[in-house]
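Undergrad: The file below is target-v7.pdb, PDB, C-alpha atoms and all ligand atoms:
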ATOM      1  CA  MET A 272       3.616  13.451  32.494
ATOM      2  CA  ASP A 273       1.028  12.441  29.949
ATOM      3  CA  PHE A 274       2.050  12.688  26.248
ATOM      4  CA  TRP A 275      -0.446  12.112  23.454
ATOM      5  CA  TYR A 276       0.130  11.989  19.703
ATOM      6  CA  LYS A 277      -2.917  13.446  18.022
ATOM      7  CA  GLU A 278      -3.550  12.969  14.332
ATOM      8  CA  ALA A 279      -6.229  14.992  12.569
ATOM      9  CA  GLN A 280      -7.538  12.185  10.351
ATOM     10  CA  THR A 281     -10.028  14.569   8.746
ATOM     11  CA  ASN A 282     -10.854  18.210   9.514
ATOM     12  CA  ASP A 283     -13.337  16.922  12.088
ATOM     13  CA  LEU A 284     -11.858  13.685  13.410
ATOM     14  CA  LEU A 285      -8.904  13.066  15.735
ATOM     15  CA  LEU A 286      -7.033   9.888  16.662
ATOM     16  CA  GLY A 287      -5.135  10.116  19.946
ATOM     17  CA  VAL A 288      -2.438   7.648  20.986
ATOM     18  CA  ARG A 289      -0.520   7.773  24.294
ATOM     19  CA  VAL A 290       3.231   8.120  23.631
ATOM     20  CA  THR A 291       5.882   6.921  26.096
ATOM     21  CA  ASP A 292       9.012   7.903  24.129
ATOM     22  CA  ILE A 293      10.119   9.819  21.045
ATOM     23  CA  LEU A 294      12.760   7.560  19.525
ATOM     24  CA  HIS A 295      13.606   9.512  16.389
ATOM     25  CA  SER A 296      12.758  12.798  14.724
ATOM     26  CA  GLU A 297      14.224  14.359  11.583
ATOM     27  CA  THR A 298      13.321  16.448   8.578
ATOM     28  CA  THR A 299      14.343  14.650   5.399
ATOM     29  CA  PRO A 300      14.478  16.400   1.991
ATOM     30  CA  TYR A 301      10.905  15.126   1.454
ATOM     31  CA  GLN A 302       9.058  15.014   4.775
ATOM     32  CA  ARG A 303       9.103  15.138   8.575
ATOM     33  CA  LEU A 304       9.870  11.677   9.926
ATOM     34  CA  ALA A 305       9.277  10.491  13.488
ATOM     35  CA  VAL A 306       9.350   7.170  15.306
ATOM     36  CA  VAL A 307       7.542   7.062  18.652
ATOM     37  CA  GLU A 308       6.872   4.370  21.244
ATOM     38  CA  THR A 309       3.207   3.991  22.168
ATOM     39  CA  VAL A 310       1.300   1.959  24.744
ATOM     40  CA  GLU A 311      -1.468   0.752  22.446
ATOM     41  CA  TYR A 312       0.317   0.044  19.146
ATOM     42  CA  GLY A 313       4.023  -0.381  19.983
ATOM     43  CA  LYS A 314       6.466   1.574  17.807
ATOM     44  CA  MET A 315       4.826   3.870  15.291
ATOM     45  CA  LEU A 316       6.294   5.469  12.130
ATOM     46  CA  ILE A 317       4.905   8.940  11.348
ATOM     47  CA  LEU A 318       5.502  10.985   8.179
ATOM     48  CA  ASP A 319       4.301  14.597   7.980
ATOM     49  CA  GLY A 320       1.911  13.999  10.868
ATOM     50  CA  ALA A 321       0.304  10.884   9.349
ATOM     51  CA  ILE A 322       0.729   7.408  10.867
ATOM     52  CA  GLN A 323       2.373   5.106   8.302
ATOM     53  CA  CYS A 324       2.627   1.892  10.262
ATOM     54  CA  THR A 325       2.645   0.510  13.769
ATOM     55  CA  GLU A 326       4.156  -2.701  15.123
ATOM     56  CA  ARG A 327       0.782  -3.997  16.216
ATOM     57  CA  ASP A 328      -1.476  -3.535  13.174
ATOM     58  CA  GLU A 329       0.859  -3.282  10.133
ATOM     59  CA  PHE A 330       0.184  -6.878   9.090
ATOM     60  CA  LEU A 331      -3.440  -6.067   8.267
ATOM     61  CA  TYR A 332      -2.401  -3.565   5.619
ATOM     62  CA  HIS A 333       0.671  -5.317   4.219
ATOM     63  CA  GLU A 334      -1.006  -8.698   3.829
ATOM     64  CA  MET A 335      -3.923  -7.132   1.933
ATOM     65  CA  ILE A 336      -1.938  -4.857  -0.382
ATOM     66  CA  VAL A 337       0.379  -7.706  -1.399
ATOM     67  CA  HIS A 338      -1.387 -11.079  -1.204
ATOM     68  CA  VAL A 339      -4.599 -10.057  -2.965
ATOM     69  CA  PRO A 340      -2.920  -8.914  -6.243
ATOM     70  CA  MET A 341      -0.256 -11.637  -5.966
ATOM     71  CA  HIS A 342      -2.950 -14.308  -6.114
ATOM     72  CA  VAL A 343      -4.776 -12.646  -9.028
ATOM     73  CA  HIS A 344      -1.583 -13.158 -11.036
ATOM     74  CA  PRO A 345      -1.092 -16.814 -12.077
ATOM     75  CA  ASN A 346       2.684 -16.864 -11.572
ATOM     76  CA  PRO A 347       4.210 -13.645 -10.179
ATOM     77  CA  LYS A 348       7.974 -13.610 -10.673
ATOM     78  CA  ARG A 349       8.902  -9.963 -11.043
ATOM     79  CA  VAL A 350       7.351  -7.552  -8.553
ATOM     80  CA  CYS A 351       7.737  -3.789  -8.228
ATOM     81  CA  VAL A 352       6.928  -1.957  -4.980
ATOM     82  CA  ILE A 353       6.591   1.826  -5.280
ATOM     83  CA  GLY A 354       6.862   3.663  -1.926
ATOM     84  CA  GLY A 355       6.580   1.333   1.073
ATOM     85  CA  GLY A 356       9.869   2.512   2.635
ATOM     86  CA  ASP A 357       9.109   0.637   5.858
ATOM     87  CA  GLY A 358       9.660  -2.638   3.956
ATOM     88  CA  GLY A 359       6.400  -4.375   4.928
ATOM     89  CA  SER A 360       5.236  -4.893   1.338
ATOM     90  CA  VAL A 361       8.641  -6.183   0.243
ATOM     91  CA  ARG A 362       8.617  -8.642   3.168
ATOM     92  CA  GLU A 363       5.185  -9.981   2.171
ATOM     93  CA  ALA A 364       6.025 -10.231  -1.568
ATOM     94  CA  LEU A 365       9.051 -12.401  -0.721
ATOM     95  CA  LYS A 366       6.749 -14.965   0.913
ATOM     96  CA  HIS A 367       5.632 -16.081  -2.575
ATOM     97  CA  SER A 368       8.000 -18.812  -3.738
ATOM     98  CA  SER A 369       7.508 -17.838  -7.421
ATOM     99  CA  VAL A 370       9.141 -14.430  -6.828
ATOM    100  CA  ALA A 371      12.568 -14.040  -8.442
ATOM    101  CA  LYS A 372      12.976 -10.265  -8.168
ATOM    102  CA  VAL A 373      11.518  -7.403  -6.155
ATOM    103  CA  LYS A 374      12.330  -3.924  -7.417
ATOM    104  CA  HIS A 375      11.684  -1.500  -4.566
ATOM    105  CA  VAL A 376      11.434   2.164  -5.605
ATOM    106  CA  GLU A 377      11.236   4.585  -2.673
ATOM    107  CA  ILE A 378      11.755   8.336  -2.972
ATOM    108  CA  ASP A 379      13.113   8.847   0.567
ATOM    109  CA  GLY A 380      16.060   6.726   1.712
ATOM    110  CA  ALA A 381      15.655   8.053   5.273
ATOM    111  CA  VAL A 382      12.426   6.058   5.678
ATOM    112  CA  ILE A 383      14.259   2.836   4.797
ATOM    113  CA  GLU A 384      17.082   3.643   7.233
ATOM    114  CA  ALA A 385      14.644   4.430  10.052
ATOM    115  CA  SER A 386      12.784   1.190   9.406
ATOM    116  CA  LYS A 387      16.009  -0.850   9.442
ATOM    117  CA  LYS A 388      16.876   0.667  12.830
ATOM    118  CA  TYR A 389      13.490   0.662  14.585
ATOM    119  CA  PHE A 390      11.334  -1.890  12.732
ATOM    120  CA  PRO A 391      13.521  -4.965  12.037
ATOM    121  CA  HIS A 392      10.404  -7.112  11.691
ATOM    122  CA  LEU A 393       9.147  -4.900   8.832
ATOM    123  CA  SER A 394      12.468  -4.322   7.097
ATOM    124  CA  SER A 395      13.699  -7.936   7.204
ATOM    125  CA  GLY A 396      13.320  -8.331   3.407
ATOM    126  CA  PHE A 397      15.906  -5.679   2.522
ATOM    127  CA  SER A 398      18.769  -8.144   3.011
ATOM    128  CA  ASP A 399      17.223 -10.727   0.659
ATOM    129  CA  PRO A 400      19.301 -11.070  -2.549
ATOM    130  CA  ARG A 401      16.119 -10.956  -4.662
ATOM    131  CA  VAL A 402      15.503  -7.357  -3.570
ATOM    132  CA  ASP A 403      16.906  -4.406  -5.490
ATOM    133  CA  VAL A 404      16.311  -1.013  -3.831
ATOM    134  CA  LEU A 405      16.319   2.174  -5.883
ATOM    135  CA  ILE A 406      16.013   5.583  -4.200
ATOM    136  CA  THR A 407      14.126   7.706  -6.690
ATOM    137  CA  ASP A 408      10.693   9.021  -7.629
ATOM    138  CA  GLY A 409       8.398   6.102  -8.488
ATOM    139  CA  ILE A 410       6.543   8.166 -11.083
ATOM    140  CA  GLU A 411       9.666   8.955 -13.089
ATOM    141  CA  TYR A 412      10.860   5.371 -12.648
ATOM    142  CA  LEU A 413       7.735   3.761 -14.124
ATOM    143  CA  LYS A 414       7.449   6.424 -16.824
ATOM    144  CA  ASN A 415      10.901   5.541 -18.129
ATOM    145  CA  CYS A 416      11.111   1.827 -17.374
ATOM    146  CA  GLU A 417      11.167  -0.904 -20.024
ATOM    147  CA  PRO A 418       7.730  -2.121 -21.123
ATOM    148  CA  ASN A 419       6.484  -5.568 -19.973
ATOM    149  CA  CYS A 420       8.958  -5.968 -17.143
ATOM    150  CA  PHE A 421       6.780  -6.609 -14.066
ATOM    151  CA  ASP A 422       4.066  -9.152 -13.270
ATOM    152  CA  VAL A 423       2.752  -7.250 -10.256
ATOM    153  CA  ILE A 424       3.141  -3.579  -9.257
ATOM    154  CA  ILE A 425       2.229  -2.475  -5.721
ATOM    155  CA  ILE A 426       1.693   1.218  -4.973
ATOM    156  CA  ASP A 427       2.329   1.504  -1.230
ATOM    157  CA  SER A 428       2.242   5.287  -1.040
ATOM    158  CA  THR A 429       1.715   7.989   1.538
ATOM    159  CA  ASP A 430      -1.488  10.041   1.410
ATOM    160  CA  PRO A 431      -1.848  12.162  -1.749
ATOM    161  CA  VAL A 432       0.338  15.056  -0.629
ATOM    162  CA  GLY A 433       3.765  16.215  -1.874
ATOM    163  CA  PRO A 434       5.597  13.703  -4.083
ATOM    164  CA  ALA A 435       2.797  11.125  -3.659
ATOM    165  CA  VAL A 436       0.097  13.212  -5.432
ATOM    166  CA  GLY A 437       0.942  11.849  -8.882
ATOM    167  CA  LEU A 438       0.845   8.233  -7.639
ATOM    168  CA  PHE A 439      -2.978   8.446  -7.680
ATOM    169  CA  SER A 440      -3.305   9.835 -11.233
ATOM    170  CA  ALA A 441      -4.585   8.241 -14.446
ATOM    171  CA  GLU A 442      -1.329   9.188 -16.130
ATOM    172  CA  PHE A 443       0.682   7.221 -13.573
ATOM    173  CA  TYR A 444      -1.594   4.165 -13.860
ATOM    174  CA  GLY A 445      -0.875   4.365 -17.605
ATOM    175  CA  TYR A 446       2.884   4.123 -16.946
ATOM    176  CA  ALA A 447       2.213   1.117 -14.715
ATOM    177  CA  TYR A 448       0.070  -0.493 -17.426
ATOM    178  CA  LYS A 449       2.941  -0.209 -19.892
ATOM    179  CA  ALA A 450       5.481  -1.595 -17.388
ATOM    180  CA  LEU A 451       3.333  -4.674 -16.693
ATOM    181  CA  THR A 452       3.409  -7.929 -18.633
ATOM    182  CA  TRP A 453       0.335  -8.938 -20.712
ATOM    183  CA  ASP A 454      -1.233 -10.639 -17.663
ATOM    184  CA  GLY A 455       0.035  -8.046 -15.167
ATOM    185  CA  VAL A 456      -1.756  -6.820 -12.049
ATOM    186  CA  ILE A 457      -1.527  -3.526 -10.136
ATOM    187  CA  CYS A 458      -2.649  -2.833  -6.565
ATOM    188  CA  ALA A 459      -2.737   0.628  -4.970
ATOM    189  CA  GLN A 460      -3.660   1.696  -1.468
ATOM    190  CA  THR A 461      -6.643   4.014  -2.023
ATOM    191  CA  GLU A 462      -7.454   5.269   1.483
ATOM    192  CA  SER A 463     -10.692   5.239   3.464
ATOM    193  CA  PRO A 464     -14.161   5.234   1.868
ATOM    194  CA  PHE A 465     -15.382   7.351   4.797
ATOM    195  CA  ALA A 466     -12.565   9.863   5.204
ATOM    196  CA  SER A 467     -11.511  10.071   1.529
ATOM    197  CA  ALA A 468     -14.485   8.938  -0.562
ATOM    198  CA  ASN A 469     -13.716  11.266  -3.455
ATOM    199  CA  LEU A 470     -10.136  10.101  -3.661
ATOM    200  CA  LEU A 471     -11.222   6.473  -3.800
ATOM    201  CA  LYS A 472     -13.753   7.227  -6.560
ATOM    202  CA  LYS A 473     -11.088   9.143  -8.486
ATOM    203  CA  CYS A 474      -8.583   6.279  -8.255
ATOM    204  CA  TRP A 475     -11.230   3.768  -9.338
ATOM    205  CA  HIS A 476     -12.051   5.837 -12.445
ATOM    206  CA  ASN A 477      -8.391   6.593 -13.124
ATOM    207  CA  MET A 478      -7.458   2.927 -13.047
ATOM    208  CA  LYS A 479     -10.383   2.046 -15.326
ATOM    209  CA  VAL A 480      -8.951   4.398 -17.968
ATOM    210  CA  HIS A 481      -6.241   1.777 -18.597
ATOM    211  CA  PHE A 482      -7.177  -1.530 -16.960
ATOM    212  CA  PRO A 483     -10.145  -3.548 -18.291
ATOM    213  CA  GLN A 484     -10.787  -5.146 -14.900
ATOM    214  CA  VAL A 485     -10.767  -3.037 -11.754
ATOM    215  CA  GLY A 486     -11.920  -4.137  -8.322
ATOM    216  CA  VAL A 487     -11.714  -2.819  -4.786
ATOM    217  CA  ALA A 488     -10.798  -4.950  -1.782
ATOM    218  CA  THR A 489     -11.480  -3.650   1.735
ATOM    219  CA  GLY A 490      -9.962  -4.362   5.122
ATOM    220  CA  PHE A 491      -9.640  -3.214   8.716
ATOM    221  CA  MET A 492      -6.774  -0.897   9.583
ATOM    222  CA  PRO A 493      -7.202   0.539  13.101
ATOM    223  CA  THR A 494      -4.581   3.317  12.945
ATOM    224  CA  TYR A 495      -5.576   4.669   9.517
ATOM    225  CA  PRO A 496      -8.398   7.209   9.191
ATOM    226  CA  THR A 497     -11.714   5.610  10.227
ATOM    227  CA  GLY A 498     -10.107   2.150  10.536
ATOM    228  CA  PHE A 499     -11.553   0.933   7.218
ATOM    229  CA  TRP A 500      -9.223   0.800   4.210
ATOM    230  CA  THR A 501      -9.344   0.120   0.467
ATOM    231  CA  TYR A 502      -6.972  -1.485  -2.022
ATOM    232  CA  THR A 503      -7.786  -0.916  -5.692
ATOM    233  CA  VAL A 504      -6.643  -3.682  -8.019
ATOM    234  CA  GLY A 505      -6.378  -3.449 -11.803
ATOM    235  CA  SER A 506      -5.796  -6.433 -14.068
ATOM    236  CA  LYS A 507      -4.817  -6.479 -17.733
ATOM    237  CA  LYS A 508      -6.166  -9.936 -18.503
ATOM    238  CA  MET A 509      -6.775 -12.134 -15.480
ATOM    239  CA  ALA A 510     -10.192 -12.241 -13.806
ATOM    240  CA  LEU A 511     -10.347 -10.630 -10.381
ATOM    241  CA  LYS A 512     -10.113 -13.796  -8.323
ATOM    242  CA  ALA A 513      -7.385 -16.226  -7.247
ATOM    243  CA  ASN A 514      -5.912 -17.588 -10.465
ATOM    244  CA  ARG A 515      -3.722 -20.138  -8.686
ATOM    245  CA  GLU A 516      -3.769 -22.053  -5.461
ATOM    246  CA  VAL A 517      -3.876 -19.749  -2.432
ATOM    247  CA  THR A 518      -0.612 -20.671  -0.765
ATOM    248  CA  ILE A 519      -0.402 -17.946   1.856
ATOM    249  CA  ARG A 520      -2.078 -18.009   5.239
ATOM    250  CA  GLY A 521      -1.154 -14.842   7.107
ATOM    251  CA  LYS A 522      -2.338 -13.380  10.376
ATOM    252  CA  TYR A 523      -5.213 -11.714   8.471
ATOM    253  CA  PHE A 524      -5.123 -12.944   4.859
ATOM    254  CA  THR A 525      -6.536 -16.417   4.259
ATOM    255  CA  LYS A 526      -7.860 -18.540   1.403
ATOM    256  CA  SER A 527     -11.454 -17.719   2.309
ATOM    257  CA  LEU A 528     -10.662 -13.993   2.501
ATOM    258  CA  MET A 529      -9.268 -14.242  -1.059
ATOM    259  CA  GLU A 530     -12.447 -15.959  -2.256
ATOM    260  CA  ARG A 531     -14.483 -12.890  -1.261
ATOM    261  CA  ALA A 532     -11.770 -10.240  -1.619
ATOM    262  CA  PHE A 533     -13.610  -8.300  -4.332
ATOM    263  CA  ASP A 534     -17.071  -8.811  -2.890
ATOM    264  CA  LEU A 535     -17.813  -5.134  -2.267
ATOM    265  CA  PRO A 536     -20.255  -4.083   0.438
ATOM    266  CA  PRO A 537     -23.363  -2.731  -1.365
ATOM    267  CA  PHE A 538     -22.920   0.823  -0.012
ATOM    268  CA  LEU A 539     -19.453   0.949  -1.561
ATOM    269  CA  GLN A 540     -20.528  -0.573  -4.846
ATOM    270  CA  GLU A 541     -23.303   2.027  -5.135
ATOM    271  CA  MET A 542     -20.899   4.792  -4.172
ATOM    272  CA  LEU A 543     -18.410   3.805  -6.880
ATOM    273  CA  GLU A 544     -20.838   2.950  -9.650
ATOM    274  CA  GLY A 545     -22.895   6.091  -9.022
ATOM    275  CA  SER A 546     -19.863   8.373  -9.084
ATOM    276  CA  LYS A 547     -18.887  10.756 -11.862
ATOM    277  CA  LYS A 548     -15.674  10.328 -13.839
ATOM    278  CA  ASN A 549     -14.382  13.889 -13.413
ATOM    279  CA  LEU A 550     -14.240  14.471  -9.687
TER     280      LEU A 550
HETATM  281  N1  LIG B 601       1.210   2.158   4.481
HETATM  282  C1  LIG B 601       1.387   3.540   4.427
HETATM  283  C2  LIG B 601       0.124   4.348   4.341
HETATM  284  O1  LIG B 601      -0.836   3.944   3.675
HETATM  285  O2  LIG B 601       0.109   5.415   4.948
HETATM  286  C3  LIG B 601       2.392   3.915   3.416
HETATM  287  C4  LIG B 601       3.715   3.564   3.993
HETATM  288  S1  LIG B 601       5.156   3.898   3.128
HETATM  289  C5  LIG B 601       6.117   4.528   4.474
HETATM  290  C6  LIG B 601       4.856   5.255   2.047
HETATM  291  C7  LIG B 601       6.125   5.710   1.329
HETATM  292  O3  LIG B 601       5.822   6.283   0.065
HETATM  293  C8  LIG B 601       6.949   6.768   2.072
HETATM  294  O4  LIG B 601       8.122   6.168   2.559
HETATM  295  C9  LIG B 601       7.220   7.846   1.021
HETATM  296  O5  LIG B 601       8.533   8.353   1.093
HETATM  297  C10 LIG B 601       6.960   7.070  -0.261
HETATM  298  N2  LIG B 601       6.657   7.920  -1.434
HETATM  299  C11 LIG B 601       5.861   8.996  -1.500
HETATM  300  N3  LIG B 601       5.853   9.488  -2.752
HETATM  301  C12 LIG B 601       6.654   8.694  -3.500
HETATM  302  C13 LIG B 601       7.045   8.685  -4.871
HETATM  303  N4  LIG B 601       6.609   9.609  -5.751
HETATM  304  N5  LIG B 601       7.884   7.706  -5.290
HETATM  305  C14 LIG B 601       8.337   6.736  -4.434
HETATM  306  N6  LIG B 601       8.008   6.716  -3.128
HETATM  307  C15 LIG B 601       7.171   7.671  -2.668
END
Would you kindly transcribe this structure into C-alpha cells?
TA:
Amino acid sequence: MDFWYKEAQTNDLLLGVRVTDILHSETTPYQRLAVVETVEYGKMLILDGAIQCTERDEFLYHEMIVHVPMHVHPNPKRVCVIGGGDGGSVREALKHSSVAKVKHVEIDGAVIEASKKYFPHLSSGFSDPRVDVLITDGIEYLKNCEPNCFDVIIIDSTDPVGPAVGLFSAEFYGYAYKALTWDGVICAQTESPFASANLLKKCWHNMKVHFPQVGVATGFMPTYPTGFWTYTVGSKKMALKANREVTIRGKYFTKSLMERAFDLPPFLQEMLEGSKKNL
C-alpha cells in the first residue's frame, strides 16, 4: 500500500510526502495534532494539516530563528520563546553561554508532550534548569508581563490561523516592545515571500510601527511552503548585525551567514519597500 501525506501549501500548490506509519493522532483543545513517519524527512509533526517540523530539516529553521537575533543582541541573558512547542528554538537558545533563563510560552501542552515522546532531539532543552515552561496564550502573556524583562523574544508560531492570528499583529509587537529591555531584539517567523507575500509585508510594516530597526533574514526550509522562508527581526537600539563575536557554528548557521543575514535579495527589498502600510 502506498500512503502519501499531501499538504495544500497554497490553493494551487501541493507538497506530497510518502508516509510509512502514523505514530500519533489526536485533537487537542486547540488543533489537530499528528506525528507521522516518512521516507524522505523522518518523523514529521503536523498541526491542522500544516507541517511544523521534520527530523531532517528542522535545524535550518531553528538555527535561523534563534541565532540571528541572539547575535544582534550584545549579551542575551533572558530569552522568551512564544509558541515553538516542539522545543527546537529552546534547544538552540540554550547553546548561548550567556543565557540564564528561557521562558517558554506555548498555548498547547499537547505539542510539548508529543515532542518529548517522538522528537527527543528537538525537546532535549525542556529538562534544562534554565527553562521555565508556561502553558498559556503568548499574546496575553506578553500583554501582561513586566516591562523590560527580556533581552530577546522569539515568535515561533504556527501559520496565522486560530490562536496564532494575533501573533502577527502590530498590537502584539507593541507588547513585545514593552517586554524587551532597552537594547532588546525580537525575531518572528514570517512565512514564505512566494506563498504568503502579503503576510510578510504586513509583518514588516507592523514591526516598524514599534521598532526603529527592522530587517528580514531569509533561509531555505524544504518542507515549508515553497521552501524559502523569512525571519523578521526588530531591534530597539542595536544595529542589525552581529554585535558580539559569533560563537555558534551550526549545521546551517555560520559566522559568514551572520555577516550577510540581513542582505536582502533585491526582489524582496523592492517588494517590501514598495508595499503599502495597510494591506
Ligand atoms: N516552526 C513552525 C512553523 O513555522 O510552522 C512552528 C512550530 S511550533 C510547533 C508552533 C506552535 O505555536 C504550536 O505548538 C502552537 O500551539 C503554538 N501557538 C500558536 N498560537 C499560539 C499562541 N497564541 N500562544 C502561544 N503559542 C501559540
Undergrad: Taking only C-alpha atoms and all ligand atoms into account, which of A:His367, A:His342, A:Arg289, A:Lys374 comes nearest ligand LIG 601 (chain B)?
TA: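 Among the listed residues, the smallest separation from ligand LIG 601 (chain B) belongs to A:Lys374.
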Undergrad: Which residues, written as a list in words, have at least one atom at most 10 Å from A:Tyr332, with all atoms listed in the file counted and residues fewer than 5 positions away on the same chain left out?
TA: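 Result of the neighbour search: Cys324, Val337, Gly359, Ser360, Asp427, Gln460, Thr489, Gly490, Phe491, Met492, Pro493, Tyr495, Trp500, Thr501, Tyr502, Tyr523 and Phe524 of chain A.
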Undergrad: Export, as a PDB file, in the coordinates of the input, the selected residues with C-alpha atoms.
TA:
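Printed below is again.pdb as written:
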ATOM      1  CA  CYS A 324       2.627   1.892  10.262  1.00  0.00           C
ATOM      2  CA  VAL A 337       0.379  -7.706  -1.399  1.00  0.00           C
ATOM      3  CA  GLY A 359       6.400  -4.375   4.928  1.00  0.00           C
ATOM      4  CA  SER A 360       5.236  -4.893   1.338  1.00  0.00           C
ATOM      5  CA  ASP A 427       2.329   1.504  -1.230  1.00  0.00           C
ATOM      6  CA  GLN A 460      -3.660   1.696  -1.468  1.00  0.00           C
ATOM      7  CA  THR A 489     -11.480  -3.650   1.735  1.00  0.00           C
ATOM      8  CA  GLY A 490      -9.962  -4.362   5.122  1.00  0.00           C
ATOM      9  CA  PHE A 491      -9.640  -3.214   8.716  1.00  0.00           C
ATOM     10  CA  MET A 492      -6.774  -0.897   9.583  1.00  0.00           C
ATOM     11  CA  PRO A 493      -7.202   0.539  13.101  1.00  0.00           C
ATOM     12  CA  TYR A 495      -5.576   4.669   9.517  1.00  0.00           C
ATOM     13  CA  TRP A 500      -9.223   0.800   4.210  1.00  0.00           C
ATOM     14  CA  THR A 501      -9.344   0.120   0.467  1.00  0.00           C
ATOM     15  CA  TYR A 502      -6.972  -1.485  -2.022  1.00  0.00           C
ATOM     16  CA  TYR A 523      -5.213 -11.714   8.471  1.00  0.00           C
ATOM     17  CA  PHE A 524      -5.123 -12.944   4.859  1.00  0.00           C
TER      18      PHE A 524
END
Undergrad: With all atoms listed in the file as the counted atoms, please give the residues lying no more than 7 Å from A:His344, apart from itself and same-chain residues fewer than 3 positions off, as a list in words.
TA: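 The residues that qualify are Pro340, Met341, Pro347, Gly455, Val456, Met509 and Asn514 of chain A.
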Undergrad: What does the distance from atom CA of A:Glu384 to atom CA of A:Val339 come to in Å, to one decimal?
TA: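 So the answer is 27.6 Å.
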Undergrad: Counting only C-alpha atoms, which of A:Pro434, A:His338, A:Arg362, A:Phe421 gets nearest to A:Ala532?
TA: A:His338
Undergrad: Can you work out which residues are within 6 Å of ligand LIG 601 (chain B), considering all atoms listed in the file, and then hand them over as a PyMOL selection string?
TA: chain A and resi 323-324+353-357+376-379+382+408-410+427-429+434-435
Undergrad: For C-alpha atoms, I'd like the residues from the last selection saved as a short mmCIF file (atom, residue, chain, number, x, y, z; two decimals), in the coordinates of the input.
TA:
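Once everything was written out, this is result_28.cif:
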data_model
loop_
_atom_site.label_atom_id
_atom_site.label_comp_id
_atom_site.auth_asym_id
_atom_site.auth_seq_id
_atom_site.Cartn_x
_atom_site.Cartn_y
_atom_site.Cartn_z
CA GLN A 323 2.37 5.11 8.30
CA CYS A 324 2.63 1.89 10.26
CA ILE A 353 6.59 1.83 -5.28
CA GLY A 354 6.86 3.66 -1.93
CA GLY A 355 6.58 1.33 1.07
CA GLY A 356 9.87 2.51 2.64
CA ASP A 357 9.11 0.64 5.86
CA VAL A 376 11.43 2.16 -5.60
CA GLU A 377 11.24 4.58 -2.67
CA ILE A 378 11.76 8.34 -2.97
CA ASP A 379 13.11 8.85 0.57
CA VAL A 382 12.43 6.06 5.68
CA ASP A 408 10.69 9.02 -7.63
CA GLY A 409 8.40 6.10 -8.49
CA ILE A 410 6.54 8.17 -11.08
CA ASP A 427 2.33 1.50 -1.23
CA SER A 428 2.24 5.29 -1.04
CA THR A 429 1.72 7.99 1.54
CA PRO A 434 5.60 13.70 -4.08
CA ALA A 435 2.80 11.12 -3.66
#
Undergrad: Could you state which residues are captured by the PyMOL selection byres (((chain A and resi 511-513) around 12) and not hetatm) in this file, as a PyMOL selection string?
TA: chain A and resi 338-346+454-458+482-488+503-510+514-519+525-534
Undergrad: Skip stretch 413-419 of chain A itself and residues of its chain fewer than 5 positions away, then list as an mmCIF file with C-alpha atoms, keeping the file's coordinate frame all residues within 10 Å of it, counting only C-alpha atoms.
TA:
data_model
loop_
_atom_site.group_PDB
_atom_site.id
_atom_site.type_symbol
_atom_site.label_atom_id
_atom_site.label_comp_id
_atom_site.auth_asym_id
_atom_site.auth_seq_id
_atom_site.Cartn_x
_atom_site.Cartn_y
_atom_site.Cartn_z
ATOM 1 C CA CYS A 351 7.737 -3.789 -8.228
ATOM 2 C CA ILE A 353 6.591 1.826 -5.280
ATOM 3 C CA VAL A 376 11.434 2.164 -5.605
ATOM 4 C CA ASP A 408 10.693 9.021 -7.629
ATOM 5 C CA ILE A 424 3.141 -3.579 -9.257
ATOM 6 C CA GLU A 442 -1.329 9.188 -16.130
ATOM 7 C CA PHE A 443 0.682 7.221 -13.573
ATOM 8 C CA TYR A 444 -1.594 4.165 -13.860
ATOM 9 C CA GLY A 445 -0.875 4.365 -17.605
ATOM 10 C CA TYR A 446 2.884 4.123 -16.946
ATOM 11 C CA ALA A 447 2.213 1.117 -14.715
ATOM 12 C CA TYR A 448 0.070 -0.493 -17.426
ATOM 13 C CA LYS A 449 2.941 -0.209 -19.892
ATOM 14 C CA ALA A 450 5.481 -1.595 -17.388
ATOM 15 C CA LEU A 451 3.333 -4.674 -16.693
ATOM 16 C CA THR A 452 3.409 -7.929 -18.633
ATOM 17 C CA TRP A 453 0.335 -8.938 -20.712
ATOM 18 C CA ASP A 454 -1.233 -10.639 -17.663
ATOM 19 C CA GLY A 455 0.035 -8.046 -15.167
#
Undergrad: Taking all atoms listed in the file into account, which of A:Gly437, A:Leu318, A:Leu539, A:Glu363 comes nearest A:Leu331?
TA: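 Among the listed residues, the smallest separation from A:Leu331 belongs to A:Glu363.
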Undergrad: From the options A:Ala364, A:Leu316, A:Leu470, A:Leu285, which residue's atoms come nearest to A:Val436, counting only C-alpha atoms?
TA: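 Of A:Ala364, A:Leu316, A:Leu470, A:Leu285, the one nearest A:Val436, counting only C-alpha atoms, is A:Leu470.
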Undergrad: List every protein, DNA or RNA residue that has at least one atom no more than 9 Å from (-1.4, 17.0, 5.4) in the file's coordinates, counting all atoms listed in the file, and write the result as a VMD selection string.
TA: chain A and resid 279 319 to 321 430 to 433
Undergrad: Take the residues from that selection and write them out as a PDB file, in the coordinates of the input, keeping C-alpha atoms.
TA:
ATOM      1  CA  ALA A 279      -6.229  14.992  12.569  1.00  0.00           C
ATOM      2  CA  ASP A 319       4.301  14.597   7.980  1.00  0.00           C
ATOM      3  CA  GLY A 320       1.911  13.999  10.868  1.00  0.00           C
ATOM      4  CA  ALA A 321       0.304  10.884   9.349  1.00  0.00           C
ATOM      5  CA  ASP A 430      -1.488  10.041   1.410  1.00  0.00           C
ATOM      6  CA  PRO A 431      -1.848  12.162  -1.749  1.00  0.00           C
ATOM      7  CA  VAL A 432       0.338  15.056  -0.629  1.00  0.00           C
ATOM      8  CA  GLY A 433       3.765  16.215  -1.874  1.00  0.00           C
TER       9      GLY A 433
END
Undergrad: What does the structure give for the distance between atom CA of A:Arg520 and atom CA of A:Glu334, in Å to one decimal?
TA: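 Distance reported for this atom pair: 9.5 Å.
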Undergrad: I need the residue nearest A:Cys420 from this list: A:Ile293, A:Ala459, A:Val350, A:Phe499. Use all atoms listed in the file for the distance.
TA: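 Of all the options, A:Val350 lies closest to A:Cys420.
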Undergrad: If we count all atoms listed in the file, what is near A:Gly396 at a cut-off of 8 Å, once residues fewer than 5 positions away on the same chain are taken out, given as a list in words?
TA: Gly358, Val361, Arg362, Leu365 and Val402 of chain A
Undergrad: What is the atom CA of A:Met335-atom CA of A:Gly521 distance in Å, reported with one decimal?
TA: 9.7 Å
